[in-house]
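Have a look at start.cif below; it lists mmCIF, C-alpha atoms.
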```
data_protein
loop_
_atom_site.label_atom_id
_atom_site.label_comp_id
_atom_site.auth_asym_id
_atom_site.auth_seq_id
_atom_site.Cartn_x
_atom_site.Cartn_y
_atom_site.Cartn_z
CA MET L 521 -7.71 -37.37 8.64
CA LEU L 522 -5.50 -38.17 5.66
CA GLY L 523 -4.10 -41.71 5.75
CA ARG L 524 -6.70 -43.13 8.15
CA LYS L 525 -9.10 -45.92 7.22
CA ALA L 526 -12.60 -44.98 6.18
CA PRO L 527 -15.24 -45.50 8.90
CA LYS L 528 -17.49 -48.52 8.35
CA ASN L 529 -20.65 -46.61 9.14
CA GLY L 530 -20.44 -44.46 5.97
CA SER L 531 -19.87 -41.14 7.72
CA ALA L 532 -18.92 -37.97 5.83
CA GLY L 533 -15.22 -38.77 5.99
CA ALA L 534 -15.73 -42.01 4.03
CA ALA L 535 -16.32 -40.06 0.82
CA ALA L 536 -12.72 -38.81 0.86
CA LEU L 537 -11.02 -41.83 2.43
CA VAL L 538 -11.39 -45.34 1.00
CA GLU L 539 -9.34 -48.24 2.38
CA GLY L 540 -6.77 -45.87 3.87
CA ARG L 541 -6.06 -44.08 0.59
CA ASP L 542 -5.68 -40.28 0.37
CA ASN L 543 -8.32 -39.45 -2.27
CA ILE L 544 -8.14 -35.69 -1.75
CA SER L 545 -4.54 -35.62 -2.90
CA ASN L 546 -5.58 -37.39 -6.10
CA LEU L 547 -7.65 -34.42 -7.16
CA PRO L 548 -6.24 -32.23 -9.95
CA ASP L 549 -3.85 -29.52 -8.81
CA GLY L 550 -6.25 -26.86 -10.03
CA VAL L 551 -8.98 -28.17 -7.73
CA LEU L 552 -6.59 -28.34 -4.77
CA GLN L 553 -5.44 -24.78 -5.40
CA HIS L 554 -9.06 -23.66 -5.50
CA ILE L 555 -9.67 -25.30 -2.12
CA LEU L 556 -6.59 -23.61 -0.65
CA SER L 557 -7.78 -20.22 -1.91
CA PHE L 558 -10.46 -20.12 0.80
CA LEU L 559 -8.03 -20.67 3.70
CA PRO L 560 -6.02 -18.13 5.71
CA ALA L 561 -2.34 -18.14 4.72
CA GLN L 562 -1.30 -19.76 8.02
CA ASP L 563 -3.52 -22.78 7.29
CA VAL L 564 -2.36 -22.96 3.67
CA VAL L 565 1.26 -23.35 4.82
CA ARG L 566 0.28 -26.01 7.38
CA THR L 567 -0.97 -28.29 4.59
CA CYS L 568 2.68 -29.13 3.84
CA VAL L 569 2.57 -31.74 6.64
CA LEU L 570 -0.53 -33.56 5.39
CA ALA L 571 1.24 -35.78 2.88
CA LYS L 572 4.31 -35.87 0.65
CA SER L 573 2.34 -34.65 -2.35
CA TRP L 574 1.26 -31.57 -0.35
CA ARG L 575 4.78 -30.59 0.73
CA HIS L 576 5.22 -27.82 -1.84
CA MET L 577 1.60 -27.16 -2.80
CA TRP L 578 1.41 -24.00 -0.71
CA GLU L 579 4.33 -22.45 -2.58
CA SER L 580 2.30 -22.14 -5.79
CA THR L 581 -1.01 -20.98 -4.36
CA THR L 582 -2.37 -17.97 -6.24
CA VAL L 583 -4.34 -16.62 -3.28
CA LEU L 584 -2.92 -15.38 0.02
CA ARG L 585 -5.24 -14.26 2.80
CA PHE L 586 -3.59 -12.73 5.86
CA VAL L 587 -6.30 -12.45 8.49
CA TRP L 588 -5.78 -11.74 12.16
CA GLY L 589 -7.55 -10.18 15.05
CA GLY L 590 -9.51 -12.62 17.20
CA THR L 591 -7.49 -15.69 16.08
CA ASN L 592 -5.56 -18.11 18.23
CA GLU L 593 -2.22 -17.23 16.63
CA PRO L 594 0.45 -15.70 18.90
CA GLU L 595 0.17 -12.06 17.94
CA SER L 596 3.90 -11.36 18.08
CA MET L 597 4.51 -14.09 15.49
CA ILE L 598 2.13 -12.99 12.77
CA PRO L 599 4.01 -10.01 11.23
CA GLU L 600 7.20 -12.05 10.93
CA PHE L 601 5.25 -14.85 9.29
CA VAL L 602 3.86 -12.44 6.67
CA ASP L 603 7.33 -10.96 6.06
CA HIS L 604 8.85 -14.38 5.46
CA LEU L 605 6.05 -15.76 3.29
CA LEU L 606 5.90 -12.72 1.04
CA ARG L 607 9.69 -12.63 0.61
CA LEU L 608 9.53 -16.23 -0.61
CA ARG L 609 6.90 -15.26 -3.18
CA ILE L 610 9.12 -12.58 -4.75
CA HIS L 611 11.40 -15.31 -6.11
CA GLY L 612 8.57 -17.67 -7.05
CA CYS L 613 7.40 -18.29 -10.59
CA THR L 614 3.64 -18.21 -9.87
CA PRO L 615 2.00 -14.75 -9.95
CA LEU L 616 -0.51 -13.89 -7.25
CA ASP L 617 -4.13 -13.58 -8.28
CA THR L 618 -5.47 -12.33 -4.93
CA CYS L 619 -3.82 -10.96 -1.80
CA GLU L 620 -5.91 -9.95 1.21
CA PHE L 621 -4.76 -8.16 4.36
CA ARG L 622 -7.50 -8.10 6.99
CA LEU L 623 -6.08 -6.44 10.11
CA LEU L 624 -8.63 -6.04 12.86
CA GLY L 625 -7.37 -3.87 15.69
CA TYR L 626 -3.82 -5.15 15.62
CA HIS L 627 -1.95 -2.21 17.15
CA GLU L 628 1.60 -3.59 16.86
CA ILE L 629 1.61 -3.20 13.06
CA ASP L 630 2.33 0.22 11.59
CA MET L 631 1.61 1.45 8.10
CA THR L 632 5.27 1.29 7.06
CA ARG L 633 5.22 -2.47 7.45
CA ILE L 634 1.90 -2.77 5.65
CA ASN L 635 3.32 -0.74 2.77
CA PHE L 636 6.22 -3.18 2.54
CA TRP L 637 3.74 -6.03 2.18
CA ILE L 638 1.78 -4.17 -0.46
CA ARG L 639 4.89 -3.47 -2.50
CA ILE L 640 5.80 -7.16 -2.49
CA ALA L 641 2.27 -8.17 -3.47
CA LEU L 642 2.41 -5.75 -6.39
CA GLN L 643 5.81 -7.14 -7.39
CA CYS L 644 4.17 -10.57 -7.45
CA LYS L 645 1.78 -9.24 -10.15
CA VAL L 646 -1.29 -9.46 -7.91
CA ARG L 647 -4.56 -8.82 -9.73
CA VAL L 648 -6.88 -8.41 -6.71
CA LEU L 649 -5.65 -6.58 -3.60
CA GLU L 650 -7.71 -6.07 -0.44
CA LEU L 651 -6.50 -3.92 2.46
CA MET L 652 -8.71 -3.69 5.56
CA CYS L 653 -7.08 -1.91 8.49
CA TRP L 654 -9.60 -1.17 11.22
CA GLY L 655 -7.80 -0.09 14.41
CA ILE L 656 -4.34 0.39 12.86
CA PRO L 657 -2.27 3.25 14.39
CA PRO L 658 -2.10 6.65 12.63
CA LEU L 659 -0.59 6.72 9.17
CA ASP L 660 3.00 7.91 9.07
CA ASP L 661 3.46 6.51 5.58
CA HIS L 662 1.10 5.59 2.77
CA PRO L 663 0.85 2.96 0.05
CA ILE L 664 1.74 3.97 -3.48
CA PHE L 665 0.01 1.76 -6.01
CA ILE L 666 2.17 1.15 -9.07
CA SER L 667 1.23 -1.91 -11.09
CA GLN L 668 0.28 -2.82 -14.63
CA TYR L 669 -1.39 -6.01 -13.38
CA LEU L 670 -3.68 -4.73 -10.60
CA LYS L 671 -7.34 -4.93 -11.69
CA LYS L 672 -9.30 -4.77 -8.43
CA LEU L 673 -8.55 -2.89 -5.21
CA GLN L 674 -10.51 -2.68 -1.95
CA LEU L 675 -9.59 -0.31 0.88
CA ALA L 676 -11.40 -0.32 4.23
CA GLY L 677 -10.95 1.25 7.64
CA LEU L 678 -8.33 3.84 6.64
CA SER L 679 -9.60 6.62 8.82
CA ASP L 680 -6.70 8.70 10.07
CA ASP L 681 -6.73 12.48 9.68
CA GLU L 682 -3.29 12.27 8.09
CA MET L 683 -4.54 10.45 5.00
CA PRO L 684 -2.06 11.60 2.36
CA SER L 685 -3.02 13.18 -0.93
CA ARG L 686 -1.40 10.63 -3.25
CA LEU L 687 -3.31 7.66 -1.87
CA LEU L 688 -6.08 7.75 -4.48
CA ASP L 689 -4.04 8.61 -7.55
CA PHE L 690 -4.12 5.47 -9.67
CA SER L 691 -2.49 6.85 -12.79
CA CYS L 692 0.26 4.23 -12.38
CA CYS L 693 -2.29 1.38 -12.45
CA PRO L 694 -3.34 1.41 -16.12
CA ASN L 695 -5.49 -1.73 -15.86
CA LEU L 696 -7.32 -1.03 -12.59
CA GLU L 697 -11.04 -1.54 -13.23
CA ASP L 698 -12.69 -2.03 -9.86
CA LEU L 699 -12.16 0.20 -6.78
CA LYS L 700 -14.07 -0.18 -3.52
CA ILE L 701 -13.55 2.16 -0.55
CA VAL L 702 -15.37 1.38 2.72
CA ASP L 703 -15.38 3.35 5.99
CA CYS L 704 -12.44 5.54 4.99
CA TYR L 705 -11.61 9.15 5.79
CA LEU L 706 -10.66 10.85 2.53
CA GLY L 707 -10.26 14.36 3.86
CA CYS L 708 -6.76 15.06 2.58
CA ALA L 709 -7.00 13.19 -0.72
CA LEU L 710 -6.67 15.64 -3.60
CA LEU L 711 -8.69 13.53 -6.03
CA ILE L 712 -9.71 10.07 -7.17
CA SER L 713 -8.20 9.71 -10.62
CA SER L 714 -8.15 6.77 -13.04
CA GLN L 715 -8.62 6.48 -16.78
CA SER L 716 -9.16 2.71 -16.66
CA LEU L 717 -11.64 2.47 -13.77
CA LYS L 718 -14.98 0.81 -14.64
CA ARG L 719 -16.59 0.39 -11.22
CA LEU L 720 -16.23 2.70 -8.24
CA THR L 721 -17.84 2.10 -4.83
CA ILE L 722 -17.50 4.45 -1.86
CA GLU L 723 -19.47 3.24 1.17
CA ASN L 724 -19.82 5.43 4.24
CA GLY L 725 -17.27 7.86 2.84
CA SER L 726 -16.06 10.69 5.06
CA PHE L 727 -14.59 13.69 3.28
CA GLY L 728 -12.85 16.86 4.40
CA PRO L 729 -14.89 19.84 5.68
CA ASP L 730 -12.93 22.53 3.82
CA CYS L 731 -12.12 21.26 0.33
CA ARG L 732 -14.07 19.40 -2.33
CA MET L 733 -12.42 16.32 -3.84
CA PRO L 734 -12.90 15.73 -7.58
CA ILE L 735 -13.60 12.24 -8.91
CA CYS L 736 -12.10 11.88 -12.37
CA ALA L 737 -12.95 8.49 -13.90
CA PRO L 738 -14.29 9.09 -17.41
CA ASN L 739 -14.73 5.39 -18.25
CA LEU L 740 -16.88 4.40 -15.29
CA VAL L 741 -19.89 2.18 -15.99
CA SER L 742 -20.99 1.82 -12.35
CA LEU L 743 -20.86 4.28 -9.44
CA TRP L 744 -21.93 3.81 -5.81
CA LEU L 745 -21.37 6.93 -3.71
CA GLU L 746 -22.36 7.30 -0.05
CA VAL L 747 -21.28 10.49 1.70
CA SER L 748 -21.63 10.32 5.48
CA ASN L 749 -19.58 13.37 6.44
CA GLY L 750 -17.72 16.32 4.93
CA MET L 751 -18.01 18.15 1.64
CA ILE L 752 -19.59 16.23 -1.21
CA PRO L 753 -17.05 15.30 -3.90
CA SER L 754 -17.45 16.73 -7.38
CA LEU L 755 -18.03 14.40 -10.31
CA GLN L 756 -16.48 14.93 -13.70
CA ARG L 757 -18.39 13.68 -16.71
CA MET L 758 -18.70 9.91 -17.20
CA PRO L 759 -20.13 9.28 -20.70
CA SER L 760 -20.20 5.45 -20.36
CA LEU L 761 -22.05 5.39 -17.03
CA LEU L 762 -24.83 2.78 -16.91
CA ALA L 763 -25.86 2.82 -13.23
CA ALA L 764 -25.30 5.19 -10.32
CA TYR L 765 -26.38 5.24 -6.68
CA VAL L 766 -25.81 8.53 -4.83
CA ASN L 767 -26.80 8.91 -1.17
CA ILE L 768 -25.86 12.13 0.64
CA ASP L 769 -26.12 11.99 4.43
CA SER L 770 -23.75 14.85 5.26
CA ASP L 771 -24.81 18.26 6.55
CA VAL L 772 -21.62 20.14 5.57
CA ASP L 773 -23.12 21.28 2.26
CA CYS L 774 -26.33 22.45 3.91
CA ILE L 775 -27.55 26.04 4.03
CA ASP L 776 -25.99 27.71 7.02
CA SER L 777 -27.31 31.22 6.38
CA ASP L 778 -30.29 32.95 4.85
CA ASP L 779 -28.31 33.46 1.66
CA ASP L 780 -26.85 30.29 0.16
CA ASP L 781 -25.07 32.11 -2.67
CA GLY L 782 -21.28 32.23 -2.44
CA ASP L 783 -18.37 33.92 -4.09
CA ASP L 784 -16.30 30.89 -5.09
CA ASP L 785 -15.91 29.29 -8.48
CA GLU L 786 -18.49 26.61 -7.71
CA ASP L 787 -21.35 29.08 -8.15
CA ASN L 788 -21.32 28.65 -11.93
CA GLN L 789 -20.86 24.92 -12.29
CA SER L 790 -22.45 21.63 -11.31
CA ILE L 791 -20.98 19.58 -8.47
CA LEU L 792 -22.75 16.25 -8.96
CA LEU L 793 -25.55 16.12 -11.49
CA GLN L 794 -23.67 17.18 -14.62
CA GLY L 795 -21.22 14.35 -14.03
CA LEU L 796 -24.20 11.97 -13.94
CA SER L 797 -25.91 13.37 -17.02
CA ASP L 798 -25.11 10.31 -19.21
CA VAL L 799 -26.35 7.69 -16.75
CA GLN L 800 -29.10 5.22 -17.68
CA ASN L 801 -30.23 4.01 -14.22
CA LEU L 802 -30.02 6.44 -11.31
CA VAL L 803 -30.79 6.53 -7.58
CA LEU L 804 -30.61 9.95 -5.89
CA LYS L 805 -31.13 10.28 -2.14
CA SER L 806 -30.50 12.82 0.58
CA PHE L 807 -31.87 12.90 4.11
CA TRP L 808 -31.03 16.56 4.72
CA THR L 809 -33.74 18.83 3.36
CA GLU L 810 -31.38 21.80 3.85
CA MET L 811 -28.72 20.25 1.59
CA ILE L 812 -28.35 22.62 -1.35
CA ILE L 813 -26.07 20.78 -3.77
CA PHE L 814 -28.73 18.82 -5.65
CA ARG L 815 -31.08 21.79 -6.03
CA ARG L 816 -28.37 24.24 -7.08
CA ASP L 817 -27.01 21.66 -9.53
CA LEU L 818 -30.31 21.64 -11.39
CA LYS L 819 -29.52 25.19 -12.56
CA PHE L 820 -26.34 24.07 -14.33
CA CYS L 821 -27.14 20.51 -15.41
CA SER L 822 -27.95 19.61 -18.99
CA SER L 823 -30.59 17.01 -19.73
CA PHE L 824 -30.34 13.36 -18.70
CA ASN L 825 -30.75 12.24 -22.29
CA LYS L 826 -30.06 8.55 -21.57
CA LEU L 827 -31.86 8.19 -18.24
CA LYS L 828 -34.48 5.41 -18.32
CA SER L 829 -34.93 4.49 -14.63
CA LEU L 830 -34.95 6.95 -11.72
CA LEU L 831 -35.43 6.37 -7.97
CA ILE L 832 -35.56 9.37 -5.64
CA ASN L 833 -36.62 9.95 -2.05
CA GLU L 834 -38.57 12.66 -0.22
CA TYR L 835 -35.77 15.20 -0.56
CA TRP L 836 -36.96 15.82 -4.12
CA CYS L 837 -40.63 16.04 -3.17
CA GLU L 838 -40.85 19.15 -1.03
CA PRO L 839 -44.09 21.18 -1.13
CA PRO L 840 -45.58 23.53 -1.93
CA ASP L 841 -44.47 23.60 -5.57
CA PHE L 842 -42.37 20.40 -5.82
CA SER L 843 -39.99 22.39 -8.00
CA ALA L 844 -37.04 20.01 -7.62
CA LEU L 845 -39.13 17.02 -8.73
CA ALA L 846 -40.67 18.99 -11.60
CA CYS L 847 -37.26 20.14 -12.82
CA LEU L 848 -35.75 16.67 -12.59
CA LEU L 849 -38.61 15.21 -14.62
CA LYS L 850 -38.29 17.94 -17.22
CA LEU L 851 -34.58 17.14 -17.63
CA SER L 852 -35.30 13.41 -18.26
CA PRO L 853 -36.85 13.24 -21.76
CA VAL L 854 -36.59 9.43 -22.25
CA LEU L 855 -37.46 8.33 -18.71
CA GLU L 856 -39.41 5.04 -18.63
CA LYS L 857 -39.62 4.21 -14.90
CA LEU L 858 -39.99 6.54 -11.90
CA THR L 859 -39.92 5.33 -8.29
CA LEU L 860 -40.59 7.65 -5.35
CA GLN L 861 -39.38 6.20 -2.04
CA LEU L 862 -41.00 8.49 0.51
CA TYR L 863 -40.15 8.53 4.23
CA SER L 864 -39.12 4.89 4.11
CA GLU L 865 -35.57 3.54 4.06
CA GLY L 866 -36.62 0.13 2.71
CA PRO L 867 -35.98 -2.32 1.30
CA GLU L 868 -39.41 -3.40 2.53
CA HIS L 869 -42.30 -0.92 2.44
CA ASP L 870 -45.72 -1.19 4.08
CA VAL L 871 -47.45 0.73 1.29
CA GLU L 872 -46.74 0.48 -2.43
CA ILE L 873 -48.79 2.55 -4.83
CA LYS L 874 -48.80 2.03 -8.57
CA LEU L 875 -49.83 4.92 -10.74
CA SER L 876 -51.47 4.97 -14.15
CA CYS L 877 -49.67 6.67 -17.03
CA LYS L 878 -51.40 7.53 -20.29
CA PRO L 879 -48.75 8.79 -22.73
CA LEU L 880 -51.24 10.47 -25.05
CA LYS L 881 -52.63 12.56 -22.21
CA MET L 882 -49.51 13.18 -20.12
CA SER L 883 -48.12 16.63 -19.65
CA ALA L 884 -45.40 17.82 -22.01
CA ALA L 885 -43.34 18.58 -18.89
CA ILE L 886 -42.47 14.88 -18.47
CA SER L 887 -41.17 12.06 -20.64
CA GLN L 888 -43.65 10.67 -23.13
CA HIS L 889 -41.88 7.31 -22.72
CA LEU L 890 -42.86 7.02 -19.05
CA LYS L 891 -44.53 3.64 -18.48
CA THR L 892 -44.14 2.88 -14.77
CA VAL L 893 -44.57 5.16 -11.75
CA GLU L 894 -44.47 3.76 -8.21
CA VAL L 895 -44.67 5.34 -4.77
CA LYS L 896 -43.24 3.34 -1.84
CA CYS L 897 -43.74 4.46 1.75
CA GLN L 898 -44.38 3.28 5.29
CA VAL L 899 -47.53 5.31 5.96
CA TYR L 900 -50.07 6.72 3.54
CA ASP L 901 -50.32 10.15 5.12
CA GLU L 902 -50.80 13.79 4.15
CA ARG L 903 -47.24 14.13 2.84
CA VAL L 904 -47.75 11.25 0.42
CA ARG L 905 -51.14 12.57 -0.66
CA ASN L 906 -49.55 15.92 -1.51
CA VAL L 907 -47.08 14.18 -3.81
CA LEU L 908 -49.87 12.25 -5.50
CA THR L 909 -51.82 15.46 -5.99
CA PHE L 910 -48.84 17.03 -7.72
CA LEU L 911 -48.40 14.00 -9.98
CA SER L 912 -52.07 14.13 -10.94
CA LYS L 913 -51.45 17.58 -12.39
CA LEU L 914 -49.02 15.86 -14.77
CA ASP L 915 -51.76 13.35 -15.75
CA ILE L 916 -50.26 10.59 -13.61
CA PHE L 917 -53.08 9.21 -11.52
CA GLN L 918 -53.32 7.12 -8.39
CA ARG L 919 -54.28 3.44 -8.39
CA ILE L 920 -54.05 1.98 -4.87
CA GLU L 921 -54.17 -1.78 -4.52
CA GLY L 922 -54.86 -3.43 -1.19
CA TYR L 923 -55.16 -0.16 0.74
CA ALA L 924 -58.36 1.52 1.84
#
```
Representation of the structure as structure tokens:
Amino acid sequence: MLGRKAPKNGSAGAAALVEGRDNISNLPDGVLQHILSFLPAQDVVRTCVLAKSWRHMWESTTVLRFVWGGTNEPESMIPEFVDHLLRLRIHGCTPLDTCEFRLLGYHEIDMTRINFWIRIALQCKVRVLELMCWGIPPLDDHPIFISQYLKKLQLAGLSDDEMPSRLLDFSCCPNLEDLKIVDCYLGCALLISSQSLKRLTIENGSFGPDCRMPICAPNLVSLWLEVSNGMIPSLQRMPSLLAAYVNIDSDVDCIDSDDDDGDDDEDNQSILLQGLSDVQNLVLKSFWTEMIIFRRDLKFCSSFNKLKSLLINEYWCEPPDFSALACLLKLSPVLEKLTLQLYSEGPEHDVEIKLSCKPLKMSAAISQHLKTVEVKCQVYDERVRNVLTFLSKLDIFQRIEGYA
């Protein structure tokens, strides 16, 4: 469109083109670079033919997005294009802010080549690196992250059984603050380790069936942990933790015999809960009633002395004595808000029940700071009534609105 006369009818193109002038090119370079940051790298390079002023604009872009799988690009040309473009950036004077590799089922690229790209991106002082590799052939090599500039890293789709142990050691990234891992198999990783990490997200994480992976990130402020398969990772203490979401949907740590006691070193220490003991806002879920980690952890966990908001599901509300719920409440002396999400995945719930709390009359077994208690479910049935009956024994009484 650049260089053409503006339509007389005032169409959308007239805003950018007036009397044949290229008004887009007159925008400040910072604005143009921001526009380019949303485009795939192939399209960024093509802008060099738009006008003379655009000829070298692509060379100083701070964002490179390499996206393929389902595009119209000749597949055999794309890896060579990435090689060439990244080599040019090594000698450039503009550091990279963001580099994204989104490889969707492209089977002609192996991990060795991807590692080459990652090394160049790190040499270009990239701050945000995203690597999504669904459908890539088995790993015969692995990326080693060494950078004093990297602040945010996202890994997705790395699911080969040969995942090497060094992959998640970020001791050579002293400024890494944000790590997101999605749909990855972490079975052979020895640990997740970082002193600088502030935010850690593991979505649909699959872990090994025979060994438990420690997570060592003492400066975390936010944790999102979803375990879909394998042994639940162990959490080391995180004294600065503000919010945590933990959802266990794996049956590996379930009771597989009448006696769930073992002989290993884990029998005398917490796996998860002690590492969460300094959190302020906590969500704890499991959909396997036989899963023993949470309940056994209660024996070794100190109090949640900072916990103010707690959301749990039906796993914690098992009759007849509701011992897990009672113990969790006893360990939360400053709790202000309790939400029970029972037999409902949400986020919408057909039934929401608000309960009345009277601090002067409440049982000494729960926080005297408790102000809000809510029960959210799909059906108000016998299971829910049993939970409400237990809560009434703690002087927390039912107030149902809009439900007969």
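Pairwise distance (CA of Glu894 in chain L, CA of Leu875 in chain L) equals 6.0 Å.
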Evaluate the PyMOL selection byres ((chain L and resi 698-715) around 7) and report residues as an mmCIF file with C-alpha atoms, in the coordinates of the input:
```
data_model
loop_
_atom_site.group_PDB
_atom_site.id
_atom_site.type_symbol
_atom_site.label_atom_id
_atom_site.label_comp_id
_atom_site.auth_asym_id
_atom_site.auth_seq_id
_atom_site.Cartn_x
_atom_site.Cartn_y
_atom_site.Cartn_z
ATOM 1 C CA LYS L 671 -7.340 -4.930 -11.690
ATOM 2 C CA LYS L 672 -9.300 -4.770 -8.430
ATOM 3 C CA LEU L 673 -8.550 -2.890 -5.210
ATOM 4 C CA GLN L 674 -10.510 -2.680 -1.950
ATOM 5 C CA LEU L 675 -9.590 -0.310 0.880
ATOM 6 C CA ALA L 676 -11.400 -0.320 4.230
ATOM 7 C CA GLY L 677 -10.950 1.250 7.640
ATOM 8 C CA LEU L 678 -8.330 3.840 6.640
ATOM 9 C CA SER L 679 -9.600 6.620 8.820
ATOM 10 C CA ASP L 680 -6.700 8.700 10.070
ATOM 11 C CA MET L 683 -4.540 10.450 5.000
ATOM 12 C CA PRO L 684 -2.060 11.600 2.360
ATOM 13 C CA SER L 685 -3.020 13.180 -0.930
ATOM 14 C CA ARG L 686 -1.400 10.630 -3.250
ATOM 15 C CA LEU L 687 -3.310 7.660 -1.870
ATOM 16 C CA LEU L 688 -6.080 7.750 -4.480
ATOM 17 C CA ASP L 689 -4.040 8.610 -7.550
ATOM 18 C CA PHE L 690 -4.120 5.470 -9.670
ATOM 19 C CA SER L 691 -2.490 6.850 -12.790
ATOM 20 C CA LEU L 696 -7.320 -1.030 -12.590
ATOM 21 C CA GLU L 697 -11.040 -1.540 -13.230
ATOM 22 C CA SER L 716 -9.160 2.710 -16.660
ATOM 23 C CA LEU L 717 -11.640 2.470 -13.770
ATOM 24 C CA LYS L 718 -14.980 0.810 -14.640
ATOM 25 C CA ARG L 719 -16.590 0.390 -11.220
ATOM 26 C CA LEU L 720 -16.230 2.700 -8.240
ATOM 27 C CA THR L 721 -17.840 2.100 -4.830
ATOM 28 C CA ILE L 722 -17.500 4.450 -1.860
ATOM 29 C CA GLU L 723 -19.470 3.240 1.170
ATOM 30 C CA ASN L 724 -19.820 5.430 4.240
ATOM 31 C CA GLY L 725 -17.270 7.860 2.840
ATOM 32 C CA SER L 726 -16.060 10.690 5.060
ATOM 33 C CA PHE L 727 -14.590 13.690 3.280
ATOM 34 C CA GLY L 728 -12.850 16.860 4.400
ATOM 35 C CA MET L 733 -12.420 16.320 -3.840
ATOM 36 C CA PRO L 734 -12.900 15.730 -7.580
ATOM 37 C CA ILE L 735 -13.600 12.240 -8.910
ATOM 38 C CA CYS L 736 -12.100 11.880 -12.370
ATOM 39 C CA ALA L 737 -12.950 8.490 -13.900
ATOM 40 C CA PRO L 738 -14.290 9.090 -17.410
ATOM 41 C CA ASN L 739 -14.730 5.390 -18.250
#
```
Students should find that CA of Glu838 in chain L and CA of Val907 in chain L are spaced 8.4 Å
Practice prompt. Any chance you could resolve the PyMOL selection byres ((chain L and resi 855) around 7) against this file and give the residues as a PyMOL selection string?
Written response: chain L and resi 827-829+852-854+856-857+887+889-890
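The spacing separating CA of Asp870 in chain L from CA of Glu834 in chain L amounts to 16.2 Å.
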Determine the residue set returned by the PyMOL selection byres ((chain L and resi 605-615) around 6) for the present structure, and present it as an mmCIF file with C-alpha atoms, in the frame of the given file.
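New file selection32.cif:
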```cif
data_model
loop_
_atom_site.group_PDB
_atom_site.id
_atom_site.type_symbol
_atom_site.label_atom_id
_atom_site.label_comp_id
_atom_site.auth_asym_id
_atom_site.auth_seq_id
_atom_site.Cartn_x
_atom_site.Cartn_y
_atom_site.Cartn_z
ATOM 1 C CA SER L 580 2.300 -22.140 -5.790
ATOM 2 C CA VAL L 602 3.860 -12.440 6.670
ATOM 3 C CA ASP L 603 7.330 -10.960 6.060
ATOM 4 C CA HIS L 604 8.850 -14.380 5.460
ATOM 5 C CA LEU L 616 -0.510 -13.890 -7.250
ATOM 6 C CA CYS L 644 4.170 -10.570 -7.450
ATOM 7 C CA LYS L 645 1.780 -9.240 -10.150
#
```
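Proximity to Arg639 in chain L was assessed for L:Leu559, L:Cys619, L:Cys821, L:Cys653 counting all atoms listed in the file; the smallest distance is recorded for L:Cys619.
Comparing the minimum interatomic distances between Ser797 in chain L and each of L:Arg566, L:Arg757, L:Lys572, L:Lys913, counting only C-alpha atoms, we find that L:Arg757 sits nearest.
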Which residues come within 10 Å of Phe807 in chain L, counting only C-alpha atoms, excluding same-chain residues fewer than 6 positions away, as a PDB file with C-alpha atoms, in the coordinates of the input?
```pdb
ATOM      1  CA  ASN L 767     -26.800   8.910  -1.170  1.00  0.00           C
ATOM      2  CA  ILE L 768     -25.860  12.130   0.640  1.00  0.00           C
ATOM      3  CA  ASP L 769     -26.120  11.990   4.430  1.00  0.00           C
ATOM      4  CA  SER L 770     -23.750  14.850   5.260  1.00  0.00           C
ATOM      5  CA  ASP L 771     -24.810  18.260   6.550  1.00  0.00           C
ATOM      6  CA  ASN L 833     -36.620   9.950  -2.050  1.00  0.00           C
ATOM      7  CA  GLU L 834     -38.570  12.660  -0.220  1.00  0.00           C
ATOM      8  CA  TYR L 835     -35.770  15.200  -0.560  1.00  0.00           C
ATOM      9  CA  TYR L 863     -40.150   8.530   4.230  1.00  0.00           C
TER      10      TYR L 863
END
```
With distances taken over all atoms listed in the file, the candidate from L:Val587, L:Leu755, L:Val893, L:Leu651 nearest Asp563 in chain L is L:Val587
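For Ser912 in chain L, the non-local neighbours within 10 Å, defined as residues at least 5 positions apart in the same chain or in other chains and counting all atoms listed in the file, are Leu875, Ser876, Cys877, Met882, Ser883, Asn906, Val907, Phe917 and Gln918 of chain L.
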Mind dumping the selected residues with C-alpha atoms as a PDB file, keeping the file's coordinate frame?
```pdb
ATOM      1  CA  LEU L 875     -49.830   4.920 -10.740  1.00  0.00           C
ATOM      2  CA  SER L 876     -51.470   4.970 -14.150  1.00  0.00           C
ATOM      3  CA  CYS L 877     -49.670   6.670 -17.030  1.00  0.00           C
ATOM      4  CA  MET L 882     -49.510  13.180 -20.120  1.00  0.00           C
ATOM      5  CA  SER L 883     -48.120  16.630 -19.650  1.00  0.00           C
ATOM      6  CA  ASN L 906     -49.550  15.920  -1.510  1.00  0.00           C
ATOM      7  CA  VAL L 907     -47.080  14.180  -3.810  1.00  0.00           C
ATOM      8  CA  PHE L 917     -53.080   9.210 -11.520  1.00  0.00           C
ATOM      9  CA  GLN L 918     -53.320   7.120  -8.390  1.00  0.00           C
TER      10      GLN L 918
END
```
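Nearest to Ser557 in chain L of all the residues L:Trp654, L:Tyr765, L:Trp578, L:Phe621 is L:Trp578, based on only C-alpha atoms.
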Around (-41.3, 4.9, 7.3) in the file's own coordinates, what residues are found within 8 Å if you use all atoms listed in the file, given back as a ChimeraX atom specification?
-> /L:862-865,869,897-899
* **Neighbour list for His576 in chain L as a list in words, cut-off 9 Å, all atoms listed in the file, skip fewer than 6 positions in-chain** => Val565, Thr567 and Cys568 of chain L
Write the selection just made, keeping C-alpha atoms, as a tab-separated table (two decimals), in the frame of the given file?
```tsv
chain	number	residue	atom	x	y	z
L	565	VAL	CA	1.26	-23.35	4.82
L	567	THR	CA	-0.97	-28.29	4.59
L	568	CYS	CA	2.68	-29.13	3.84
```
